[in-house]
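Colleague: Structure incoming, see below.
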Amino acid sequence: MKISNNWLKDFIKTELKTERIGEFLTDIGLEVEGIEKFESVKGSLEGIVVGKVLTCEKHPNADKLKKTTVDVGNGKILNIVCGAPNVEAGQTVPVAVVGTKIYDKTGSFFEIKEAKIRSEVSQGMICAEDELGLSEDHGGIMVLDETKYEVGKNFADYFELTNDEVIEIGLTPNRTDAMSHYGVARDLHAFLSTNQQKSTFEKVSSEAVNGEGSHNFTLEVENADLCPRYIGAVIEDVKIAESPAWLKARLKAIGLSPINNIVDITNYILHGYGQPLHAFDADKITGSKVKVGTVKEGTKFTTLDGVERTLNGSEVMIKDGKDNPMCIAGVFGGADSGVSDETKTIFLESAYFNPVAVRKGAKFHGLNTDASFRFERGVDPNMTRTAITHAIKMIQEIAGGKLAGDLLEEYPKKIEDNYVIIRFSRIEQILGTKIHREKVKEILKSLEIQVLNEIQNGLEISVPAYRADVTREIDVIEEILRIYGYNKIDAPQKISFTPVKLSANDQDELENNWARTLQSLGFHEAMNNSLTFVKDETDAVKLLNPLSGDLAFMRKSLLEGLLQNAVYNINRKNQDIKFFEFGKIYHKKEKYEERKQLAILVTGRDVAENWLQPKSAVSFYNLKAYVKVLLERLGVDYKEVALTDERFSDALAYEAGGKTLVRIGKVAPVLLKDFDIDQACFYAEIELELAQQLRSATVLKFRDIPKFNKIRRDLALLIDKNINYQDLYQTAKKNKSPFIKGINLFDVYEGKNLPEGKKSYAMSFELLNEEKTLEEKEISEVMDSLIKAFQKEYNAELRS
């Protein structure tokens, strides 16, 4: 949210500089993210003077240029080469002298310098309106009225230029009370007044407005729960025109584009006081009746943006006398009832709509407007009349309107302030320090919280309705703390806590163990949003009330989030990536499913480039090795099986206990193309709940370090090409010998000197008897049994 410092000063008077104000706002929870300077005209016309063209003749070396002499006052005559077709002798014109900066739409500028243009000296520039930022006109230079402009004077003296400082506040959703300049000023004053800082703040109230004559409009609120308060005004003889410069500057400062005086006034009230208003063309309201209610499901309605929308029947709608919808209340106006250049009479609306109803309507139609942003969080019901009376005064002054008759109002049941009891002992307990009771009451008063009664060790208070988020004792204590000052609370000298040792049956312990292991292997942990966008909605869990189209589904996989992390890094020249993430995935099948996984993504080089180590691209086997390191810590047996998964071009799975424990694969090129990644990525996902179950069922035993040496024996086997190492590994694992402690594949050969369809695998076996030194006879028996098994199952041949 943007706050204009000039605008803020309309409500609070203080000598503090903007930077200091920003610090105080951050201290009280209105975090300032930045302060920018604003100029209604970029550069503020600095260096532009009024000049008079004395002579104008054709440039001797260019057909489209003219050579002029210009008087800029104080007896100074400049030679200026000008390309404008309308420049003539005798004209009064704006002149940019040497050193002046000329800005374009983007904020970039070039500096006027003395130069030679086609061999002729040019000592400045005669300016067009767009070059000065006064309009979009570039048809020629700006010709001034010589009776109004004095040669030699600063051009800026003839304009109402605005220089401002704009404060960007990162507002939290609960602070609807601060969604306006008045709200920010009120909060700032509460802090300053209780912290010995000088400031003056005047509470706004309704303006006195008197209608002329009468009108024939009527008002009907069909459901007071959907619209507890509604006020309408009929204003005649309005003249739709451009807003005055001061009003346009206010809106431009906070990033709004001026439209016309009526719309600009409603925007001014919205951002000034926090109360959204809406203006209808009164002549387009059938039956001169305004109704607030709902319409039938399936009703078609075209909004101001020209989009035809199908209503679901639950939206709060503003309707005419024949129940024709004119506006989605608190969200968006209709195309057929809006104010246009031909409008003469307006019906001005100021209301308090049910926040939940507004939110549902806005989210259903994917609309997020300044009005809905405030209504769905709860505006101040007591600002409704104040805002509309101030708007009426502005319309009378700026657009020449006349209020017809009395205001129309429906307010069947007043929205009461919140009643809360606070205890001084609880304040002290939460804050960790003691605040004097009188100081507490002073802070409450500054926040417009009324003390109704003093009770034993506490206060009965009334919280104004505009603080919709302050309903409990703890909320009030938070308000006291932020105005008292977080920085005044001393950190304790010691902190007491009880360390808790996680058991092996705790999944957090497993996750912490794996996280430390991966970090030691050079990985970085990622944390991504569970809400995402999915291309394939099959089995996807869709939110009933999504924040946006990009956050409409629960994620089906952790892969997409890690690929987004990867492309972010790759685009910033960090191409060697090792990421892992713990997170949940969601599916909707026969019932909703939620599973927690550990996801791992690697891409780029496995080893950093250096003079000793050649470039080494990470591979499928690198990732497989990382996964095996983790699985070794489970102490469970698993088997490797082929896997078909559309996310991968090549993949395998590890199964344990009859279920899939791990999926490993090379990410499919089509998926990488979607993310604009042009380097190979490898991904693995481990089912955490299953891993924990297997881990809990495994009894880990510690053994003494063997006293005897291991024996290594190698076998070179000639086998068919369709046989893989996993087949041989599983066969060796089935061997009954207790002496086999390690199995490894250390060489693969496919090429000449081998029969067609064959390949050579060289495997090593580590043998150990923990009770005594192995004898050659025992070693031979083990190796013979392995050879026979390989020959029997795979028709393997020994190579010499």
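Numbering starts fresh at 1 for the residues of each chain in the structure tokens, the chains themselves are lettered A, B, ... in the order given, and ligands are numbered from 1 as they appear.
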Would you mind writing down, as a ChimeraX atom specification, each residue of stretch 217-305 of chain A that DSSP on the backbone assigns to helix (DSSP H, G or I)?

Modeller: /A:245-253,261-273,282-284,286-288

Colleague: List the spatial neighbours of A:Asn154 as a PyMOL selection string - criterion: any atom at most 7 Å away, only C-alpha atoms, same-chain residues fewer than 4 positions off excluded.

Modeller: chain A and resi 48-50

Colleague: If we count only C-alpha atoms and set the cut-off at 9 Å, which residues sit around A:Lys584, ignoring sequence neighbours fewer than 5 positions away in its own chain? Please answer as a ChimeraX atom specification.

Modeller: /A:530,555-558,594-598

Colleague: Can I get the selected residues back with N, CA and C atoms, as a PDB file, in the first residue's frame?

Modeller:
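Result file selection.pdb:
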```
ATOM      1  N   SER A 530       2.793 -25.185  -1.045  1.00  0.00           N
ATOM      2  CA  SER A 530       1.976 -26.359  -1.363  1.00  0.00           C
ATOM      3  C   SER A 530       0.894 -26.036  -2.385  1.00  0.00           C
ATOM      4  N   ARG A 555      -0.348 -29.258  -4.568  1.00  0.00           N
ATOM      5  CA  ARG A 555       0.653 -29.856  -5.441  1.00  0.00           C
ATOM      6  C   ARG A 555       0.529 -31.384  -5.463  1.00  0.00           C
ATOM      7  N   LYS A 556       0.725 -31.945  -6.656  1.00  0.00           N
ATOM      8  CA  LYS A 556       0.683 -33.401  -6.833  1.00  0.00           C
ATOM      9  C   LYS A 556       2.071 -34.013  -6.705  1.00  0.00           C
ATOM     10  N   SER A 557       3.092 -33.192  -6.811  1.00  0.00           N
ATOM     11  CA  SER A 557       4.465 -33.673  -6.762  1.00  0.00           C
ATOM     12  C   SER A 557       5.357 -32.541  -6.281  1.00  0.00           C
ATOM     13  N   LEU A 558       6.487 -32.916  -5.691  1.00  0.00           N
ATOM     14  CA  LEU A 558       7.470 -31.912  -5.270  1.00  0.00           C
ATOM     15  C   LEU A 558       8.407 -31.521  -6.404  1.00  0.00           C
ATOM     16  N   GLU A 594      -2.942 -37.822   1.237  1.00  0.00           N
ATOM     17  CA  GLU A 594      -1.897 -36.869   1.613  1.00  0.00           C
ATOM     18  C   GLU A 594      -0.675 -37.670   2.063  1.00  0.00           C
ATOM     19  N   ARG A 595       0.456 -37.451   1.392  1.00  0.00           N
ATOM     20  CA  ARG A 595       1.666 -38.194   1.727  1.00  0.00           C
ATOM     21  C   ARG A 595       2.837 -37.220   1.864  1.00  0.00           C
ATOM     22  N   LYS A 596       3.746 -37.566   2.772  1.00  0.00           N
ATOM     23  CA  LYS A 596       4.937 -36.738   2.946  1.00  0.00           C
ATOM     24  C   LYS A 596       6.120 -37.425   2.292  1.00  0.00           C
ATOM     25  N   GLN A 597       6.906 -36.646   1.556  1.00  0.00           N
ATOM     26  CA  GLN A 597       8.042 -37.190   0.820  1.00  0.00           C
ATOM     27  C   GLN A 597       9.302 -36.370   1.078  1.00  0.00           C
ATOM     28  N   LEU A 598      10.420 -37.011   0.806  1.00  0.00           N
ATOM     29  CA  LEU A 598      11.694 -36.315   0.674  1.00  0.00           C
ATOM     30  C   LEU A 598      12.027 -36.305  -0.807  1.00  0.00           C
TER      31      LEU A 598
END
```

Colleague: Counting only C-alpha atoms, which of A:Val440, A:Ile265, A:Leu634, A:Val358 gets nearest to A:Thr698?

Modeller: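 Ranked by minimum distance to A:Thr698, first place goes to A:Leu634.
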
Colleague: With only C-alpha atoms counted and 7 Å as the cut-off, give the residues of stretch 268-344 of chain A in contact with stretch 223-245 of chain A, each with its shortest interatomic distance in Å and the pair that gives it, as JSON lines.

Modeller:
```
{"residue": "A:Gly293", "atom": "CA", "partner": "A:Asn223", "partner_atom": "CA", "distance": 6.1}
{"residue": "A:Val316", "atom": "CA", "partner": "A:Leu226", "partner_atom": "CA", "distance": 6.7}
{"residue": "A:Asp341", "atom": "CA", "partner": "A:Ile240", "partner_atom": "CA", "distance": 5.6}
{"residue": "A:Thr343", "atom": "CA", "partner": "A:Ile240", "partner_atom": "CA", "distance": 6.9}
{"residue": "A:Lys344", "atom": "CA", "partner": "A:Val238", "partner_atom": "CA", "distance": 5.2}
```

Colleague: Measuring between only C-alpha atoms, which one of A:Glu770, A:Lys666, A:Thr147, A:Ile328 shows the shortest distance to A:Ile705?

Modeller: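 Nearest candidate to A:Ile705 out of A:Glu770, A:Lys666, A:Thr147, A:Ile328: A:Glu770.
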
Colleague: As a short mmCIF file (atom, residue, chain, number, x, y, z; two decimals) with C-alpha atoms, in the first residue's frame, which residues of stretch 686-771 of chain A does DSSP assign to strand (DSSP E or B)?

Modeller:
```cif
data_model
loop_
_atom_site.label_atom_id
_atom_site.label_comp_id
_atom_site.auth_asym_id
_atom_site.auth_seq_id
_atom_site.Cartn_x
_atom_site.Cartn_y
_atom_site.Cartn_z
CA ILE A 686 11.32 -41.11 -0.96
CA GLU A 687 8.08 -41.96 0.86
CA ILE A 711 39.56 -61.36 1.49
CA ARG A 712 38.78 -60.06 -2.03
CA ARG A 713 38.08 -62.24 -5.02
CA ASP A 714 37.18 -61.07 -8.54
CA LEU A 715 35.08 -62.70 -11.28
CA ALA A 716 34.99 -61.64 -14.94
CA LEU A 717 31.71 -62.88 -16.43
CA LEU A 718 30.62 -63.03 -20.07
CA ILE A 719 26.84 -62.59 -20.10
CA ASP A 720 23.98 -61.65 -22.42
CA ILE A 740 30.01 -62.68 1.71
CA LYS A 741 30.21 -59.15 3.11
CA GLY A 742 30.50 -56.99 0.01
CA ILE A 743 29.54 -57.12 -3.69
CA ASN A 744 30.63 -54.58 -6.28
CA LEU A 745 30.70 -54.08 -10.05
CA PHE A 746 34.02 -52.46 -10.99
CA ASP A 747 34.23 -52.86 -14.77
CA VAL A 748 31.88 -53.18 -17.76
CA TYR A 749 33.09 -53.92 -21.28
CA LYS A 758 27.43 -60.35 -25.17
CA LYS A 759 29.06 -58.06 -22.61
CA SER A 760 31.60 -58.48 -19.83
CA TYR A 761 30.99 -57.66 -16.17
CA ALA A 762 33.86 -57.67 -13.67
CA MET A 763 32.62 -58.13 -10.10
CA SER A 764 34.46 -58.11 -6.79
CA PHE A 765 33.44 -60.00 -3.65
CA GLU A 766 34.62 -59.28 -0.11
CA LEU A 767 34.72 -62.36 2.14
#
```

Colleague: Please report the interatomic distance between atom CA of A:Tyr725 and atom CA of A:Val627 in Å with one decimal.

Modeller: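 Value for the atom CA of A:Tyr725-atom CA of A:Val627 distance: 17.8 Å.
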
Colleague: Near A:Ala684, counting only C-alpha atoms, which residues have an atom at most 7 Å away, once you skip same-chain residues fewer than 4 positions from it, shown as a ChimeraX atom specification?

Modeller: /A:599-601,662-665

Colleague: Under the rule that only C-alpha atoms are counted, which of A:Asn86, A:Thr532, A:Asn545, A:Ala608 is the nearest residue to A:Val356?

Modeller: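 The answer is A:Asn545, which sits nearest to A:Val356.
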
Colleague: Name all residues at most 12 Å from A:Asp475 (count only C-alpha atoms; drop same-chain ones fewer than 2 positions away) and give them as a VMD selection string.

Modeller: chain A and resid 174 418 420 to 422 426 to 427 430 463 467 to 473 477 to 482

Colleague: Go through A:Arg633, A:Lys148, A:Lys721, A:Arg175 one by one, measure the shortest atom-to-atom distance of each to A:Gly378 using only C-alpha atoms, and give the residue with the smallest value.

Modeller: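 Between A:Arg633, A:Lys148, A:Lys721, A:Arg175, the residue approaching A:Gly378 most closely is A:Arg175.
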
Colleague: Return the single residue from A:Ala253, A:Val307, A:Ile495, A:Leu531 that is closest to A:Glu560, with distances computed using only C-alpha atoms.

Modeller: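 Under the stated criterion, the closest residue is A:Leu531.
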
Colleague: Using atom CA of A:Ser257 and atom CA of A:Asn382 as the two end points, give the distance in Å to one decimal.

Modeller: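 Computed distance, atom CA of A:Ser257 to atom CA of A:Asn382, equals 28.6 Å.
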
Colleague: Between A:Asn5, A:Asn571, A:Asn565, A:Ser205, which residue has the minimum interatomic distance to A:Ile388, considering only C-alpha atoms?

Modeller: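 Ranked by minimum distance to A:Ile388, first place goes to A:Ser205.
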